[in-house]
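This is data_34.tsv (TSV, C-alpha atoms and all ligand atoms).
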```
chain	number	residue	atom	x	y	z
Z	18	MET	CA	-16.94	128.04	-128.46
Z	19	ASN	CA	-17.58	127.77	-124.74
Z	20	PRO	CA	-14.52	127.71	-122.46
Z	21	ILE	CA	-13.62	124.36	-120.95
Z	22	ALA	CA	-12.88	123.84	-117.26
Z	23	PRO	CA	-10.00	121.83	-115.83
Z	24	LYS	CA	-11.07	118.42	-114.56
Z	25	ILE	CA	-10.45	117.45	-110.97
Z	26	PHE	CA	-8.60	114.20	-110.39
Z	27	ASP	CA	-8.36	112.01	-107.35
Z	28	PHE	CA	-4.68	111.28	-106.64
Z	29	LYS	CA	-5.18	109.50	-103.32
Z	30	ASP	CA	-4.67	105.97	-104.70
Z	31	ILE	CA	-1.44	106.80	-106.54
Z	32	LYS	CA	1.50	105.26	-104.68
Z	33	GLY	CA	5.15	106.22	-105.08
Z	34	ILE	CA	4.59	109.62	-106.71
Z	35	SER	CA	4.47	112.50	-104.23
Z	36	ASN	CA	1.58	114.89	-103.90
Z	37	ASN	CA	3.98	117.74	-104.67
Z	38	GLN	CA	5.00	116.11	-107.95
Z	39	LEU	CA	1.39	115.42	-108.93
Z	40	THR	CA	0.14	118.86	-107.85
Z	41	GLN	CA	2.79	120.72	-109.83
Z	42	HIS	CA	2.08	118.54	-112.85
Z	43	TYR	CA	-1.63	119.25	-112.45
Z	44	THR	CA	-0.90	123.00	-112.30
Z	45	LEU	CA	0.89	122.70	-115.62
Z	46	TYR	CA	-2.17	120.94	-117.06
Z	47	LYS	CA	-4.40	123.78	-115.87
Z	48	GLY	CA	-2.14	126.17	-117.79
Z	49	TYR	CA	-2.96	124.33	-121.01
Z	50	VAL	CA	-6.67	124.65	-120.25
Z	51	GLU	CA	-6.26	128.42	-119.79
Z	52	LYS	CA	-4.29	128.71	-123.02
Z	53	ILE	CA	-6.76	126.78	-125.16
Z	54	ASN	CA	-9.60	128.93	-123.84
Z	55	LEU	CA	-7.60	132.05	-124.68
Z	56	ILE	CA	-6.78	130.76	-128.18
Z	57	TRP	CA	-10.40	129.85	-128.90
Z	58	ARG	CA	-11.54	133.27	-127.71
Z	59	LYS	CA	-9.05	135.04	-129.97
Z	60	LEU	CA	-10.00	132.86	-132.95
Z	61	LYS	CA	-13.61	133.82	-132.41
Z	62	GLU	CA	-13.16	137.52	-131.73
Z	63	GLU	CA	-10.36	138.65	-134.02
Z	64	LYS	CA	-10.43	139.42	-137.69
Z	65	PHE	CA	-7.50	137.86	-139.50
Z	66	GLU	CA	-5.86	139.39	-142.52
Z	67	ASN	CA	-3.46	137.70	-144.90
Z	68	PRO	CA	-3.30	134.21	-143.40
Z	69	ASN	CA	-0.33	132.37	-144.91
Z	70	PRO	CA	1.94	129.42	-144.17
Z	71	THR	CA	5.10	131.45	-143.40
Z	72	TYR	CA	3.92	133.75	-140.64
Z	73	SER	CA	0.54	135.10	-139.72
Z	74	PRO	CA	-1.31	135.61	-136.43
Z	75	TYR	CA	-3.94	133.10	-137.57
Z	76	ARG	CA	-1.29	130.46	-138.27
Z	77	CYS	CA	0.32	131.04	-134.85
Z	78	LEU	CA	-3.01	130.65	-133.09
Z	79	LYS	CA	-3.83	127.45	-134.99
Z	80	LEU	CA	-0.42	125.98	-134.11
Z	81	GLY	CA	-1.02	126.95	-130.49
Z	82	GLU	CA	-4.46	125.36	-130.67
Z	83	SER	CA	-3.09	121.90	-131.54
Z	84	TYR	CA	-0.30	122.16	-128.97
Z	85	ALA	CA	-2.48	123.39	-126.11
Z	86	LEU	CA	-5.49	121.19	-126.84
Z	87	ASN	CA	-3.41	118.04	-127.13
Z	88	GLY	CA	-1.70	119.13	-123.91
Z	89	VAL	CA	-5.12	119.21	-122.25
Z	90	LYS	CA	-6.36	115.92	-123.67
Z	91	LEU	CA	-3.19	113.91	-123.13
Z	92	HIS	CA	-2.86	115.08	-119.52
Z	93	GLU	CA	-6.49	114.25	-118.79
Z	94	LEU	CA	-6.04	110.74	-120.18
Z	95	TYR	CA	-2.77	110.36	-118.24
Z	96	PHE	CA	-4.12	111.50	-114.87
Z	97	GLU	CA	-7.25	109.43	-115.41
Z	98	ASN	CA	-5.30	106.22	-116.08
Z	99	LEU	CA	-3.28	106.52	-112.85
Z	100	GLY	CA	-4.42	105.21	-109.47
Z	101	GLY	CA	-7.47	103.10	-108.73
Z	102	ASN	CA	-7.14	99.70	-107.17
Z	103	ILE	CA	-6.63	97.29	-110.09
Z	104	HIS	CA	-3.05	97.36	-111.33
Z	105	THR	CA	-3.00	94.31	-113.57
Z	106	PRO	CA	-4.76	94.05	-116.93
Z	107	TYR	CA	-7.77	91.78	-117.22
Z	108	GLY	CA	-10.84	91.05	-119.36
Z	109	ASN	CA	-11.16	91.94	-123.03
Z	110	LEU	CA	-8.14	94.22	-123.03
Z	111	LEU	CA	-5.81	91.58	-121.59
Z	112	LYS	CA	-6.98	89.12	-124.28
Z	113	LYS	CA	-6.35	91.76	-126.95
Z	114	LEU	CA	-2.88	92.61	-125.63
Z	115	ILE	CA	-1.93	88.93	-125.63
Z	116	ASN	CA	-3.33	88.58	-129.15
Z	117	ASP	CA	-1.49	91.61	-130.54
Z	118	PHE	CA	1.80	91.41	-128.62
Z	119	GLY	CA	2.06	87.68	-127.94
Z	120	SER	CA	1.95	88.17	-124.16
Z	121	TYR	CA	1.39	90.85	-121.55
Z	122	GLU	CA	5.14	90.78	-120.83
Z	123	ASN	CA	5.85	91.59	-124.49
Z	124	PHE	CA	3.39	94.49	-124.35
Z	125	LYS	CA	5.03	95.80	-121.17
Z	126	ARG	CA	8.51	95.52	-122.69
Z	127	ASP	CA	7.40	97.50	-125.74
Z	128	LEU	CA	5.67	100.12	-123.57
Z	129	LEU	CA	8.85	100.54	-121.53
Z	130	ASN	CA	11.02	100.71	-124.65
Z	131	ALA	CA	8.78	103.48	-125.98
Z	132	GLY	CA	8.78	105.16	-122.56
Z	133	LYS	CA	12.58	105.20	-122.53
Z	134	SER	CA	12.76	106.48	-126.11
Z	135	ALA	CA	10.09	109.18	-126.22
Z	136	ARG	CA	10.66	112.85	-125.40
Z	137	GLY	CA	7.03	113.49	-124.54
Z	138	TRP	CA	4.40	110.81	-124.65
Z	139	VAL	CA	3.60	107.18	-125.24
Z	140	VAL	CA	0.02	106.53	-126.29
Z	141	THR	CA	-1.15	102.92	-126.32
Z	142	SER	CA	-3.77	103.10	-129.04
Z	143	TYR	CA	-6.34	101.01	-130.84
Z	144	ASP	CA	-5.63	101.70	-134.50
Z	145	PHE	CA	-8.55	101.40	-136.90
Z	146	ILE	CA	-6.25	100.86	-139.88
Z	147	ASP	CA	-5.79	97.20	-138.94
Z	148	HIS	CA	-7.60	96.96	-135.57
Z	149	LYS	CA	-4.38	96.38	-133.65
Z	150	ILE	CA	-3.16	97.94	-130.44
Z	151	ARG	CA	0.25	99.63	-130.62
Z	152	ASN	CA	2.38	101.86	-128.42
Z	153	TYR	CA	2.75	105.08	-130.41
Z	154	MET	CA	5.36	107.63	-129.46
Z	155	CYS	CA	5.15	111.44	-129.52
Z	156	ASP	CA	8.00	113.84	-128.85
Z	157	SER	CA	5.62	116.69	-128.09
Z	158	HIS	CA	1.88	117.32	-127.81
Z	159	ASP	CA	1.55	118.20	-131.49
Z	160	GLN	CA	4.08	115.84	-133.02
Z	161	GLY	CA	3.81	112.09	-133.58
Z	162	GLY	CA	0.09	111.62	-133.01
Z	163	ILE	CA	-1.51	108.96	-135.19
Z	164	TRP	CA	-4.90	109.78	-136.67
Z	165	ASN	CA	-7.86	107.45	-136.48
Z	166	ALA	CA	-6.42	105.58	-133.52
Z	167	LEU	CA	-8.00	105.82	-130.08
Z	168	PRO	CA	-6.02	106.07	-126.84
Z	169	ILE	CA	-6.27	103.30	-124.26
Z	170	LEU	CA	-3.30	104.15	-122.03
Z	171	VAL	CA	-1.29	107.38	-121.91
Z	172	LEU	CA	2.19	107.74	-120.41
Z	173	ASP	CA	3.79	111.15	-119.86
Z	174	VAL	CA	7.59	111.01	-120.01
Z	175	TYR	CA	8.32	114.72	-120.06
Z	176	GLU	CA	10.84	115.46	-117.29
Z	177	HIS	CA	8.23	117.59	-115.49
Z	178	ALA	CA	6.28	114.34	-114.84
Z	179	TYR	CA	9.00	112.87	-112.63
Z	180	MET	CA	11.98	115.21	-111.95
Z	181	ILE	CA	10.79	116.34	-108.51
Z	182	ASP	CA	10.59	112.78	-107.19
Z	183	PHE	CA	13.08	110.85	-109.29
Z	184	GLY	CA	15.58	113.39	-110.64
Z	185	ILE	CA	16.81	112.11	-113.99
Z	186	ASP	CA	16.03	108.46	-113.14
Z	187	ARG	CA	13.34	107.88	-115.74
Z	188	ASN	CA	13.53	104.11	-115.32
Z	189	LYS	CA	12.46	104.40	-111.69
Z	190	TYR	CA	9.53	106.59	-112.71
Z	191	LEU	CA	8.51	104.11	-115.42
Z	192	ASP	CA	8.57	101.30	-112.85
Z	193	ILE	CA	6.29	103.34	-110.55
Z	194	PHE	CA	4.03	104.30	-113.46
Z	195	ILE	CA	3.51	100.63	-114.43
Z	196	LYS	CA	2.60	99.82	-110.82
Z	197	ASN	CA	0.02	102.63	-110.78
Z	198	ILE	CA	-1.77	102.00	-114.08
Z	199	ASN	CA	-5.51	102.03	-113.52
Z	200	TRP	CA	-6.48	99.01	-115.61
Z	201	ASN	CA	-10.15	99.55	-114.82
Z	202	ILE	CA	-10.02	102.72	-116.88
Z	203	CYS	CA	-8.02	101.09	-119.68
Z	204	GLU	CA	-10.48	98.18	-119.82
Z	205	TYR	CA	-13.35	100.67	-119.88
Z	206	ARG	CA	-11.80	102.62	-122.78
Z	207	TYR	CA	-11.21	99.43	-124.76
Z	208	ASN	CA	-14.72	98.16	-124.12
Z	209	GLU	CA	-16.12	101.50	-125.24
Z	210	ILE	CA	-14.22	101.11	-128.53
Z	211	LEU	CA	-15.64	97.59	-128.95
Z	212	ARG	CA	-19.11	98.83	-128.12
Z	213	HIS	CA	-19.04	101.50	-130.83
Z	214	LEU	CA	-17.32	99.18	-133.28
Z	215	TYR	CA	-19.73	96.30	-132.96
Z	216	LYS	CA	-22.80	98.38	-132.02
Z	217	GLN	CA	-23.17	96.44	-128.82
Z	218	PRO	CA	-25.53	97.64	-126.11
Z	219	PRO	CA	-24.01	99.69	-123.28
Z	220	MET	CA	-21.85	97.82	-120.84
Z	221	PRO	CA	-23.94	96.13	-118.14
Z	222	TYR	CA	-21.73	97.61	-115.44
Z	223	THR	CA	-20.47	101.09	-114.77
Z	224	ILE	CA	-16.84	101.76	-114.04
Z	225	PRO	CA	-16.49	104.87	-111.89
Z	226	ILE	CA	-14.59	107.61	-113.65
Z	227	PRO	CA	-12.13	109.01	-111.10
Z	228	TYR	CA	-12.69	112.65	-111.78
Z	229	MET	CA	-15.46	115.15	-111.51
Z	230	ILE	CA	-16.05	118.14	-113.71
Z	231	PRO	CA	-16.25	121.11	-111.34
J	301	FE	FE	2.90	116.42	-118.41
```

Turn this file's structure into structure tokens for me.
Ligand SMILES: [Fe+2]
Amino acid sequence: MNPIAPKIFDFKDIKGISNNQLTQHYTLYKGYVEKINLIWRKLKEEKFENPNPTYSPYRCLKLGESYALNGVKLHELYFENLGGNIHTPYGNLLKKLINDFGSYENFKRDLLNAGKSARGWVVTSYDFIDHKIRNYMCDSHDQGGIWNALPILVLDVYEHAYMIDFGIDRNKYLDIFIKNINWNICEYRYNEILRHLYKQPPMPYTIPIPYMIP
């Protein structure tokens, strides 16, 4: 298993969240990247004796794997869907949100309700069980995830995502988050799901992904 590198994100278009807040959050993300690389190295190199479901080094590493790897993936999706210059939904995704929630306002209300209720994450997902979009809620990286559902929008509501700028005022952070959603990226993710689902040809336009792999 080759080690993965942290992605580099462009925070310049994010308004209302300080660079200090974003940089410290990004540093935390890099810690998850380091940990998953360490865990994968140990899983590859070490010989494990007596794996069991009560306690064993193998079990601890596998638990750490799901926690750290989801920490990496969720933060990458979160940082990626912030910023840009289109902060209202449009296109296929807007039609789908109206179809599944009744209106964009209903979707936003449900997203905010989940954002106020979660202890970790809200993941707006396309669920293949019935092909609906829902706001799923996770209390930590490795708890609450729904299988066979693909993320379209990720919201981090851990205190570390907003305490520096907003103290304990989560509502203020949620208001700023909504204003900074990069709907270009969300539309791109949804269109990619449609493309794979209906075997459509690649999208005729390219949406710039706001990060580079170093
Ligand atoms: Fe976070």

Surrounding residues as a ChimeraX atom specification, ligand FE 301 (chain J), max 10 Å, all atoms listed in the file: /Z:39,41-46,88-89,91-93,95-96,137-138,158,172-179

Between CA of Glu66 in chain Z and CA of Ala85 in chain Z, distance in Å (one decimal): 23.2 Å

Contacts of Asp192 in chain Z at 12 Å (only C-alpha atoms; same-chain gap of 6+ positions) as a list of chain:residue names: Z:Lys32, Z:Gly33, Z:Ile34, Z:Lys125, Z:Arg126, Z:Leu128, Z:Leu129, Z:Gly132, Z:Lys133, Z:Leu172, Z:Tyr179, Z:Phe183, Z:Asp186, Z:Ile198

Please produce a file of the residues just selected, as a PDB file, in the coordinates of the input, where the atoms kept are C-alpha atoms.
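Output below, filename selection.pdb:
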```pdb
ATOM      1  CA  LYS Z  32       1.500 105.260-104.680  1.00  0.00           C
ATOM      2  CA  GLY Z  33       5.150 106.220-105.080  1.00  0.00           C
ATOM      3  CA  ILE Z  34       4.590 109.620-106.710  1.00  0.00           C
ATOM      4  CA  LYS Z 125       5.030  95.800-121.170  1.00  0.00           C
ATOM      5  CA  ARG Z 126       8.510  95.520-122.690  1.00  0.00           C
ATOM      6  CA  LEU Z 128       5.670 100.120-123.570  1.00  0.00           C
ATOM      7  CA  LEU Z 129       8.850 100.540-121.530  1.00  0.00           C
ATOM      8  CA  GLY Z 132       8.780 105.160-122.560  1.00  0.00           C
ATOM      9  CA  LYS Z 133      12.580 105.200-122.530  1.00  0.00           C
ATOM     10  CA  LEU Z 172       2.190 107.740-120.410  1.00  0.00           C
ATOM     11  CA  TYR Z 179       9.000 112.870-112.630  1.00  0.00           C
ATOM     12  CA  PHE Z 183      13.080 110.850-109.290  1.00  0.00           C
ATOM     13  CA  ASP Z 186      16.030 108.460-113.140  1.00  0.00           C
ATOM     14  CA  ILE Z 198      -1.770 102.000-114.080  1.00  0.00           C
TER      15      ILE Z 198
END
```

Among the residues Z:Tyr84, Z:Trp200, Z:Ser134, Z:Pro70, the one that comes closest to Ser157 in chain Z [using all atoms listed in the file]: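 Nearest to Ser157 in chain Z: Z:Tyr84.
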
Listed atoms of range 20-23 of chain Z boxed along x, y and z, 5 Å each side, centre and edge lengths in Å, one decimal, as JSON:
```
{"center_x": -12.3, "center_y": 124.8, "center_z": -119.1, "size_x": 14.5, "size_y": 15.9, "size_z": 16.6}
```

Pick from Z:Ile103, Z:Leu86, Z:Ile56, Z:Leu214, whichever lies nearest to Pro74 in chain Z using all atoms listed in the file: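 So, comparing all the options, the nearest one is Z:Ile56.
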
Separation of CA of Ile202 in chain Z from CA of Asn36 in chain Z in Å: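 These atoms are spaced 21.2 Å apart.
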
Range 59-64 of chain Z environment, 10 Å, all atoms listed in the file, sequence neighbours closer than 3 positions dropped, as number ranges by chain: Z: 18, 53-56, 74-75, 78-79, 82

Between CA of Ile181 in chain Z and CA of Ala22 in chain Z, distance in Å (one decimal): 26.3 Å
